[in-house]
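Source file: work-v9.pdb (PDB, C-alpha atoms)
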```
MODEL        1
ATOM      1  CA  MET A   1     -19.007   7.226  -9.545  1.00  0.00           C
ATOM      2  CA  THR A   2     -17.951   3.871  -8.197  1.00  0.00           C
ATOM      3  CA  MET A   3     -15.076   3.816  -5.771  1.00  0.00           C
ATOM      4  CA  LYS A   4     -14.008   2.194  -2.558  1.00  0.00           C
ATOM      5  CA  GLN A   5     -12.609   4.146   0.394  1.00  0.00           C
ATOM      6  CA  TYR A   6      -9.383   2.149   0.175  1.00  0.00           C
ATOM      7  CA  GLU A   7      -8.653   0.718  -3.208  1.00  0.00           C
ATOM      8  CA  ILE A   8      -6.145  -0.549  -5.726  1.00  0.00           C
ATOM      9  CA  VAL A   9      -7.069   0.622  -9.222  1.00  0.00           C
ATOM     10  CA  GLU A  10      -5.810  -0.164 -12.706  1.00  0.00           C
ATOM     11  CA  THR A  11      -7.012   2.994 -14.427  1.00  0.00           C
ATOM     12  CA  PRO A  12      -5.986   6.662 -14.100  1.00  0.00           C
ATOM     13  CA  ILE A  13      -6.756   8.111 -10.666  1.00  0.00           C
ATOM     14  CA  GLU A  14      -9.393  10.838 -10.596  1.00  0.00           C
ATOM     15  CA  VAL A  15      -8.463  12.911  -7.568  1.00  0.00           C
ATOM     16  CA  GLN A  16     -11.795  14.679  -7.259  1.00  0.00           C
ATOM     17  CA  LYS A  17     -13.637  11.455  -6.372  1.00  0.00           C
ATOM     18  CA  TYR A  18     -11.512  10.982  -3.269  1.00  0.00           C
ATOM     19  CA  MET A  19     -11.768  14.629  -2.232  1.00  0.00           C
ATOM     20  CA  ASP A  20     -15.531  14.442  -2.572  1.00  0.00           C
ATOM     21  CA  TYR A  21     -15.623  11.243  -0.559  1.00  0.00           C
ATOM     22  CA  VAL A  22     -13.950  12.781   2.504  1.00  0.00           C
ATOM     23  CA  LEU A  23     -15.719  16.139   2.384  1.00  0.00           C
ATOM     24  CA  HIS A  24     -18.601  16.681   4.807  1.00  0.00           C
ATOM     25  CA  PRO A  25     -20.175  19.657   6.575  1.00  0.00           C
ATOM     26  CA  SER A  26     -17.925  19.510   9.655  1.00  0.00           C
ATOM     27  CA  ALA A  27     -14.735  19.344   7.598  1.00  0.00           C
ATOM     28  CA  GLY A  28     -12.919  22.656   7.618  1.00  0.00           C
ATOM     29  CA  ALA A  29      -9.889  21.341   5.773  1.00  0.00           C
ATOM     30  CA  VAL A  30      -9.117  18.763   3.109  1.00  0.00           C
ATOM     31  CA  THR A  31      -5.551  17.795   2.243  1.00  0.00           C
ATOM     32  CA  VAL A  32      -4.900  15.832  -0.921  1.00  0.00           C
ATOM     33  CA  PHE A  33      -1.544  14.208  -1.578  1.00  0.00           C
ATOM     34  CA  THR A  34      -0.670  12.675  -4.903  1.00  0.00           C
ATOM     35  CA  GLY A  35       2.454  10.667  -5.545  1.00  0.00           C
ATOM     36  CA  ASN A  36       3.477  11.033  -9.191  1.00  0.00           C
ATOM     37  CA  VAL A  37       5.873   9.212 -11.446  1.00  0.00           C
ATOM     38  CA  ARG A  38       9.217  11.021 -11.431  1.00  0.00           C
ATOM     39  CA  GLU A  39      11.459  10.993 -14.469  1.00  0.00           C
ATOM     40  CA  TRP A  40      14.834  11.321 -12.730  1.00  0.00           C
ATOM     41  CA  THR A  41      15.844   9.396  -9.608  1.00  0.00           C
ATOM     42  CA  HIS A  42      19.396   9.824  -8.350  1.00  0.00           C
ATOM     43  CA  GLY A  43      20.569  10.685 -11.854  1.00  0.00           C
ATOM     44  CA  VAL A  44      18.900   7.696 -13.501  1.00  0.00           C
ATOM     45  CA  LYS A  45      16.239   8.413 -16.112  1.00  0.00           C
ATOM     46  CA  THR A  46      13.029   6.432 -15.778  1.00  0.00           C
ATOM     47  CA  LEU A  47      11.076   5.630 -18.951  1.00  0.00           C
ATOM     48  CA  TYR A  48       8.023   4.367 -17.096  1.00  0.00           C
ATOM     49  CA  LEU A  49       7.070   2.446 -13.968  1.00  0.00           C
ATOM     50  CA  SER A  50       5.279  -0.809 -13.460  1.00  0.00           C
ATOM     51  CA  TYR A  51       3.437  -1.337 -10.184  1.00  0.00           C
ATOM     52  CA  GLU A  52       2.199  -4.634  -8.825  1.00  0.00           C
ATOM     53  CA  ALA A  53       0.194  -5.345  -5.661  1.00  0.00           C
ATOM     54  CA  TYR A  54      -1.118  -8.158  -3.560  1.00  0.00           C
ATOM     55  CA  VAL A  55      -4.491  -6.542  -4.023  1.00  0.00           C
ATOM     56  CA  PRO A  56      -6.672  -7.927  -1.212  1.00  0.00           C
ATOM     57  CA  MET A  57      -3.933  -7.510   1.393  1.00  0.00           C
ATOM     58  CA  ALA A  58      -2.976  -4.069   0.080  1.00  0.00           C
ATOM     59  CA  GLU A  59      -6.555  -2.811   0.384  1.00  0.00           C
ATOM     60  CA  LYS A  60      -6.806  -4.311   3.863  1.00  0.00           C
ATOM     61  CA  LYS A  61      -3.538  -2.671   4.952  1.00  0.00           C
ATOM     62  CA  MET A  62      -4.636   0.703   3.582  1.00  0.00           C
ATOM     63  CA  ALA A  63      -7.871   0.389   5.572  1.00  0.00           C
ATOM     64  CA  GLU A  64      -5.825  -0.386   8.687  1.00  0.00           C
ATOM     65  CA  ILE A  65      -3.753   2.746   8.079  1.00  0.00           C
ATOM     66  CA  GLY A  66      -7.000   4.697   7.813  1.00  0.00           C
ATOM     67  CA  ALA A  67      -8.123   3.274  11.155  1.00  0.00           C
ATOM     68  CA  GLU A  68      -4.778   4.226  12.716  1.00  0.00           C
ATOM     69  CA  MET A  69      -5.272   7.768  11.438  1.00  0.00           C
ATOM     70  CA  GLU A  70      -8.787   7.990  12.863  1.00  0.00           C
ATOM     71  CA  ALA A  71      -7.448   6.858  16.234  1.00  0.00           C
ATOM     72  CA  LYS A  72      -4.537   9.323  16.228  1.00  0.00           C
ATOM     73  CA  TRP A  73      -6.452  12.293  14.795  1.00  0.00           C
ATOM     74  CA  PRO A  74     -10.088  11.987  15.862  1.00  0.00           C
ATOM     75  CA  GLY A  75     -12.468  13.465  13.343  1.00  0.00           C
ATOM     76  CA  VAL A  76     -10.416  12.797  10.219  1.00  0.00           C
ATOM     77  CA  ARG A  77     -12.029  11.115   7.250  1.00  0.00           C
ATOM     78  CA  VAL A  78      -9.721   9.288   4.849  1.00  0.00           C
ATOM     79  CA  ALA A  79      -9.703   7.852   1.332  1.00  0.00           C
ATOM     80  CA  ILE A  80      -6.696   6.232  -0.326  1.00  0.00           C
ATOM     81  CA  ALA A  81      -6.183   4.799  -3.802  1.00  0.00           C
ATOM     82  CA  HIS A  82      -3.079   3.302  -5.374  1.00  0.00           C
ATOM     83  CA  ARG A  83      -2.789   2.538  -9.062  1.00  0.00           C
ATOM     84  CA  ILE A  84      -1.031  -0.533 -10.448  1.00  0.00           C
ATOM     85  CA  GLY A  85       0.086  -1.524 -13.936  1.00  0.00           C
ATOM     86  CA  GLU A  86       2.186   0.608 -16.268  1.00  0.00           C
ATOM     87  CA  LEU A  87       2.435   4.286 -15.343  1.00  0.00           C
ATOM     88  CA  GLN A  88       4.015   7.028 -17.416  1.00  0.00           C
ATOM     89  CA  ILE A  89       5.965  10.079 -16.226  1.00  0.00           C
ATOM     90  CA  SER A  90       3.756  12.402 -14.123  1.00  0.00           C
ATOM     91  CA  ASP A  91       0.936   9.870 -13.789  1.00  0.00           C
ATOM     92  CA  ILE A  92      -0.589   9.678 -10.325  1.00  0.00           C
ATOM     93  CA  ALA A  93       0.457   6.489  -8.539  1.00  0.00           C
ATOM     94  CA  VAL A  94      -1.246   7.210  -5.227  1.00  0.00           C
ATOM     95  CA  VAL A  95      -3.811   9.654  -3.866  1.00  0.00           C
ATOM     96  CA  ILE A  96      -4.502  10.293  -0.199  1.00  0.00           C
ATOM     97  CA  ALA A  97      -7.420  12.533   0.723  1.00  0.00           C
ATOM     98  CA  VAL A  98      -7.923  13.538   4.348  1.00  0.00           C
ATOM     99  CA  SER A  99     -10.538  15.846   5.787  1.00  0.00           C
ATOM    100  CA  SER A 100     -10.670  17.139   9.327  1.00  0.00           C
ATOM    101  CA  PRO A 101     -12.385  19.906  11.257  1.00  0.00           C
ATOM    102  CA  HIS A 102      -9.100  21.882  11.343  1.00  0.00           C
ATOM    103  CA  ARG A 103      -6.132  21.941   8.975  1.00  0.00           C
ATOM    104  CA  LYS A 104      -3.299  20.785  11.213  1.00  0.00           C
ATOM    105  CA  ALA A 105      -4.674  17.298  11.654  1.00  0.00           C
ATOM    106  CA  ALA A 106      -5.388  17.027   7.926  1.00  0.00           C
ATOM    107  CA  TYR A 107      -1.762  17.814   7.069  1.00  0.00           C
ATOM    108  CA  GLU A 108      -0.266  15.579   9.735  1.00  0.00           C
ATOM    109  CA  ALA A 109      -2.528  12.622   9.103  1.00  0.00           C
ATOM    110  CA  ASN A 110      -1.899  12.821   5.368  1.00  0.00           C
ATOM    111  CA  GLU A 111       1.868  12.634   5.802  1.00  0.00           C
ATOM    112  CA  TYR A 112       1.458   9.762   8.235  1.00  0.00           C
ATOM    113  CA  ALA A 113      -0.533   7.866   5.598  1.00  0.00           C
ATOM    114  CA  ILE A 114       2.114   8.010   2.872  1.00  0.00           C
ATOM    115  CA  ASP A 115       4.857   7.054   5.326  1.00  0.00           C
ATOM    116  CA  ARG A 116       2.871   4.012   6.449  1.00  0.00           C
ATOM    117  CA  ILE A 117       1.968   3.024   2.892  1.00  0.00           C
ATOM    118  CA  LYS A 118       5.657   2.904   2.032  1.00  0.00           C
ATOM    119  CA  GLU A 119       6.309   0.715   5.079  1.00  0.00           C
ATOM    120  CA  VAL A 120       3.572  -1.877   5.145  1.00  0.00           C
ATOM    121  CA  VAL A 121       1.350  -1.985   2.068  1.00  0.00           C
ATOM    122  CA  PRO A 122       2.271  -4.854  -0.293  1.00  0.00           C
ATOM    123  CA  ILE A 123       2.816  -2.855  -3.459  1.00  0.00           C
ATOM    124  CA  TRP A 124       5.960  -3.019  -5.574  1.00  0.00           C
ATOM    125  CA  LYS A 125       7.415  -0.631  -8.095  1.00  0.00           C
ATOM    126  CA  LYS A 126       9.616  -1.582 -11.005  1.00  0.00           C
ATOM    127  CA  GLU A 127      11.601   1.156 -12.699  1.00  0.00           C
ATOM    128  CA  ILE A 128      12.172   0.702 -16.403  1.00  0.00           C
ATOM    129  CA  TRP A 129      15.167   2.607 -17.785  1.00  0.00           C
ATOM    130  CA  GLU A 130      16.661   2.869 -21.250  1.00  0.00           C
ATOM    131  CA  ASP A 131      19.262   0.251 -20.378  1.00  0.00           C
ATOM    132  CA  GLY A 132      17.498  -1.977 -17.900  1.00  0.00           C
ATOM    133  CA  GLU A 133      14.906  -2.395 -15.221  1.00  0.00           C
ATOM    134  CA  GLU A 134      14.717  -3.214 -11.542  1.00  0.00           C
ATOM    135  CA  TRP A 135      12.225  -3.905  -8.792  1.00  0.00           C
ATOM    136  CA  ILE A 136      12.721  -1.169  -6.237  1.00  0.00           C
ATOM    137  CA  GLY A 137      13.053  -2.233  -2.643  1.00  0.00           C
ATOM    138  CA  ALA A 138      15.035  -5.316  -3.657  1.00  0.00           C
ATOM    139  CA  GLN A 139      18.690  -4.924  -4.606  1.00  0.00           C
ATOM    140  CA  LYS A 140      19.264  -1.204  -4.858  1.00  0.00           C
ATOM    141  CA  LYS A 141      21.288   0.114  -7.722  1.00  0.00           C
ATOM    142  CA  TYR A 142      21.424   3.628  -6.321  1.00  0.00           C
ATOM    143  CA  PRO A 143      21.794   4.743  -2.710  1.00  0.00           C
ATOM    144  CA  GLU A 144      18.495   5.151  -0.932  1.00  0.00           C
ATOM    145  CA  LYS A 145      17.440   5.688   2.640  1.00  0.00           C
ATOM    146  CA  GLY A 146      16.498   2.408   4.253  1.00  0.00           C
ATOM    147  CA  VAL A 147      12.822   1.740   4.749  1.00  0.00           C
ATOM    148  CA  GLU A 148      11.977   1.031   8.332  1.00  0.00           C
ATOM    149  CA  GLN A 149       9.644  -1.888   8.819  1.00  0.00           C
ATOM    150  CA  LYS A 150       7.116  -1.552  11.590  1.00  0.00           C
TER     151      LYS A 150
ATOM    152  CA  MET B   1      -2.161 -28.159   1.096  1.00  0.00           C
ATOM    153  CA  ILE B   2      -0.653 -24.727   1.579  1.00  0.00           C
ATOM    154  CA  LYS B   3      -0.998 -22.105  -1.134  1.00  0.00           C
ATOM    155  CA  VAL B   4       1.808 -19.605  -1.688  1.00  0.00           C
ATOM    156  CA  ASN B   5       1.841 -16.444  -3.796  1.00  0.00           C
ATOM    157  CA  TYR B   6       4.823 -14.736  -5.378  1.00  0.00           C
ATOM    158  CA  PHE B   7       5.084 -11.088  -6.285  1.00  0.00           C
ATOM    159  CA  ALA B   8       7.426  -8.677  -8.044  1.00  0.00           C
ATOM    160  CA  ARG B   9      11.055  -9.853  -8.032  1.00  0.00           C
ATOM    161  CA  LEU B  10      10.069 -13.229  -6.577  1.00  0.00           C
ATOM    162  CA  ARG B  11       7.369 -13.799  -9.216  1.00  0.00           C
ATOM    163  CA  GLU B  12       9.981 -13.236 -11.915  1.00  0.00           C
ATOM    164  CA  LEU B  13      12.620 -15.355 -10.130  1.00  0.00           C
ATOM    165  CA  THR B  14      10.324 -18.337  -9.645  1.00  0.00           C
ATOM    166  CA  GLY B  15       8.540 -17.879 -12.959  1.00  0.00           C
ATOM    167  CA  LYS B  16       5.161 -18.301 -11.302  1.00  0.00           C
ATOM    168  CA  GLY B  17       2.550 -16.301  -9.446  1.00  0.00           C
ATOM    169  CA  GLU B  18       1.472 -19.090  -7.134  1.00  0.00           C
ATOM    170  CA  GLU B  19       1.855 -22.718  -6.289  1.00  0.00           C
ATOM    171  CA  THR B  20       0.562 -25.272  -3.820  1.00  0.00           C
ATOM    172  CA  LEU B  21       2.660 -27.166  -1.299  1.00  0.00           C
ATOM    173  CA  ASP B  22       1.510 -30.609  -0.261  1.00  0.00           C
ATOM    174  CA  ARG B  23       2.057 -30.069   3.463  1.00  0.00           C
ATOM    175  CA  ASP B  24      -0.234 -30.229   6.484  1.00  0.00           C
ATOM    176  CA  SER B  25       1.628 -27.648   8.515  1.00  0.00           C
ATOM    177  CA  MET B  26       4.956 -25.871   8.696  1.00  0.00           C
ATOM    178  CA  THR B  27       6.377 -22.800  10.368  1.00  0.00           C
ATOM    179  CA  VAL B  28       7.035 -19.566   8.529  1.00  0.00           C
ATOM    180  CA  ALA B  29      10.761 -20.170   9.026  1.00  0.00           C
ATOM    181  CA  GLU B  30      10.415 -23.616   7.416  1.00  0.00           C
ATOM    182  CA  LEU B  31       8.533 -22.129   4.479  1.00  0.00           C
ATOM    183  CA  LEU B  32      11.279 -19.549   3.950  1.00  0.00           C
ATOM    184  CA  ASN B  33      13.965 -22.253   4.131  1.00  0.00           C
ATOM    185  CA  TRP B  34      12.034 -24.323   1.609  1.00  0.00           C
ATOM    186  CA  ALA B  35      11.835 -21.331  -0.753  1.00  0.00           C
ATOM    187  CA  GLU B  36      15.521 -20.546  -0.381  1.00  0.00           C
ATOM    188  CA  LYS B  37      16.458 -24.133  -1.258  1.00  0.00           C
ATOM    189  CA  SER B  38      13.954 -24.410  -4.101  1.00  0.00           C
ATOM    190  CA  TYR B  39      14.811 -21.104  -5.746  1.00  0.00           C
ATOM    191  CA  PRO B  40      18.467 -20.046  -5.660  1.00  0.00           C
ATOM    192  CA  GLY B  41      18.716 -16.314  -5.105  1.00  0.00           C
ATOM    193  CA  PHE B  42      15.394 -16.133  -3.277  1.00  0.00           C
ATOM    194  CA  GLY B  43      16.937 -13.969  -0.569  1.00  0.00           C
ATOM    195  CA  ALA B  44      14.717 -15.221   2.237  1.00  0.00           C
ATOM    196  CA  ASP B  45      16.506 -13.028   4.798  1.00  0.00           C
ATOM    197  CA  ASN B  46      14.896 -10.040   3.140  1.00  0.00           C
ATOM    198  CA  VAL B  47      11.445 -11.516   2.591  1.00  0.00           C
ATOM    199  CA  GLN B  48       8.459 -11.382   4.910  1.00  0.00           C
ATOM    200  CA  VAL B  49       5.634 -13.891   4.831  1.00  0.00           C
ATOM    201  CA  ALA B  50       1.959 -13.040   4.990  1.00  0.00           C
ATOM    202  CA  VAL B  51      -0.428 -15.741   6.151  1.00  0.00           C
ATOM    203  CA  ASN B  52      -4.043 -15.135   5.202  1.00  0.00           C
ATOM    204  CA  GLU B  53      -3.178 -11.529   4.306  1.00  0.00           C
ATOM    205  CA  GLU B  54      -1.482 -10.691   7.617  1.00  0.00           C
ATOM    206  CA  TYR B  55       2.253 -10.372   8.279  1.00  0.00           C
ATOM    207  CA  ALA B  56       3.458 -13.429  10.169  1.00  0.00           C
ATOM    208  CA  LEU B  57       6.358 -14.107  12.511  1.00  0.00           C
ATOM    209  CA  LYS B  58       9.031 -16.696  11.777  1.00  0.00           C
ATOM    210  CA  GLU B  59       7.728 -19.011  14.498  1.00  0.00           C
ATOM    211  CA  ASP B  60       4.081 -18.814  13.403  1.00  0.00           C
ATOM    212  CA  VAL B  61       2.609 -22.102  12.203  1.00  0.00           C
ATOM    213  CA  ILE B  62       0.979 -22.340   8.788  1.00  0.00           C
ATOM    214  CA  GLN B  63      -1.821 -24.878   8.456  1.00  0.00           C
ATOM    215  CA  SER B  64      -3.219 -26.684   5.466  1.00  0.00           C
ATOM    216  CA  GLY B  65      -5.725 -24.399   3.764  1.00  0.00           C
ATOM    217  CA  ASP B  66      -3.862 -21.216   4.641  1.00  0.00           C
ATOM    218  CA  VAL B  67      -2.957 -18.802   1.878  1.00  0.00           C
ATOM    219  CA  CYS B  68       0.584 -17.455   2.155  1.00  0.00           C
ATOM    220  CA  ALA B  69       2.440 -14.776   0.276  1.00  0.00           C
ATOM    221  CA  PHE B  70       6.106 -13.965   0.081  1.00  0.00           C
ATOM    222  CA  ILE B  71       6.478 -10.224   0.550  1.00  0.00           C
ATOM    223  CA  PRO B  72       9.764  -8.748  -0.686  1.00  0.00           C
ATOM    224  CA  PRO B  73      10.546  -5.212   0.531  1.00  0.00           C
ATOM    225  CA  VAL B  74       7.601  -3.055  -0.498  1.00  0.00           C
ATOM    226  CA  SER B  75       7.963   0.071  -2.628  1.00  0.00           C
ATOM    227  CA  GLY B  76       4.530   1.594  -3.076  1.00  0.00           C
ATOM    228  CA  GLY B  77       3.756   5.285  -3.041  1.00  0.00           C
TER     229      GLY B  77
ENDMDL
END
```

Step by step, read the file and then write its structure as structure tokens.
Amino acid sequence: MTMKQYEIVETPIEVQKYMDYVLHPSAGAVTVFTGNVREWTHGVKTLYLSYEAYVPMAEKKMAEIGAEMEAKWPGVRVAIAHRIGELQISDIAVVIAVSSPHRKAAYEANEYAIDRIKEVVPIWKKEIWEDGEEWIGAQKKYPEKGVEQK
Amino acid sequence: MIKVNYFARLRELTGKGEETLDRDSMTVAELLNWAEKSYPGFGADNVQVAVNEEYALKEDVIQSGDVCAFIPPVSGG
């Protein structure tokens, strides 16, 4: 199956591909995180989401995050994909697969990856509600924790 | 010529995905000021600039041939 280690995709994410990519004989643990489209956010009902990316820079930034992970947790192997376009409730927006010889690094590195994605990867989410729509990260209609830029 | 890309809120505000500026060089701060003046509501204080797919500082100089992008606060994941 064709895939890149760090990629922006426009079709449904098949998690198994990314798990398979990171698995190897020395890996004793694989953690897989998926970020899924949530229906309710702070009491506001989402109909669907629309994601947009600056694709070449986004893939480059995801690869940089992977390199940061390999430096911080030697022995991890990483694959990350983010989907763009229109996503429905429960669709997978992002998958992060991390393998490592032991589980602790796989958990920690995986959480690091999603935190960094939310900070530096040029991807934008628009929430579409019954009575409107808004790009998230711009003017916030509901209270949200600030995103720390690196 | 400097190429600039717009995304998300800024793509909708400007009504375009990209355009070309007929300039030989300018700083990132100058580019942001230009955008703020050209497009009311741009909100340049909250926008980062990428030059050739790398985040740039306000004092960095953009040269003709560079590809820039206005990066509003990201919200992936």

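Using only C-alpha atoms, the contacts of Ile2 of chain B at a cut-off of 7 Å, with sequence neighbours closer than 2 positions omitted, comprise Val4, Thr20, Leu21, Asp22, Arg23, Gln63, Ser64, Gly65, Asp66 and Val67 of chain B.
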
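Relative to atom CA of Met62 of chain A, atom CA of Glu119 of chain A is found at 11.0 Å.
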
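If all atoms listed in the file are the atoms counted, then among A:Ala67, A:Val15, A:Ala29, A:Ile92 the closest residue to chain B is A:Ile92.
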
Kindly determine which residues of chain A lie within 6 Å of chain B, considering all atoms listed in the file, and give the answer as a ChimeraX atom specification.
/A:57,94,118,122-125,137

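Within 6 Å of Thr46 of chain A, once only C-alpha atoms are used and residues closer than 2 positions along the same chain are dropped, the contacting residues are A:Glu39, A:Tyr48, A:Ile128, A:Trp129.
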
Mind checking which residues fall within 8 Å of Ala44 of chain B, counting all atoms listed in the file, ignoring those fewer than 5 positions away in the same chain, and posting them as an mmCIF file with C-alpha atoms, in the frame of the given file?
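Here's the written file selection-v1.cif:
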```cif
data_model
loop_
_atom_site.group_PDB
_atom_site.id
_atom_site.type_symbol
_atom_site.label_atom_id
_atom_site.label_comp_id
_atom_site.auth_asym_id
_atom_site.auth_seq_id
_atom_site.Cartn_x
_atom_site.Cartn_y
_atom_site.Cartn_z
ATOM 1 C CA LEU B 32 11.279 -19.549 3.950
ATOM 2 C CA ASN B 33 13.965 -22.253 4.131
ATOM 3 C CA ALA B 35 11.835 -21.331 -0.753
ATOM 4 C CA GLU B 36 15.521 -20.546 -0.381
#
```
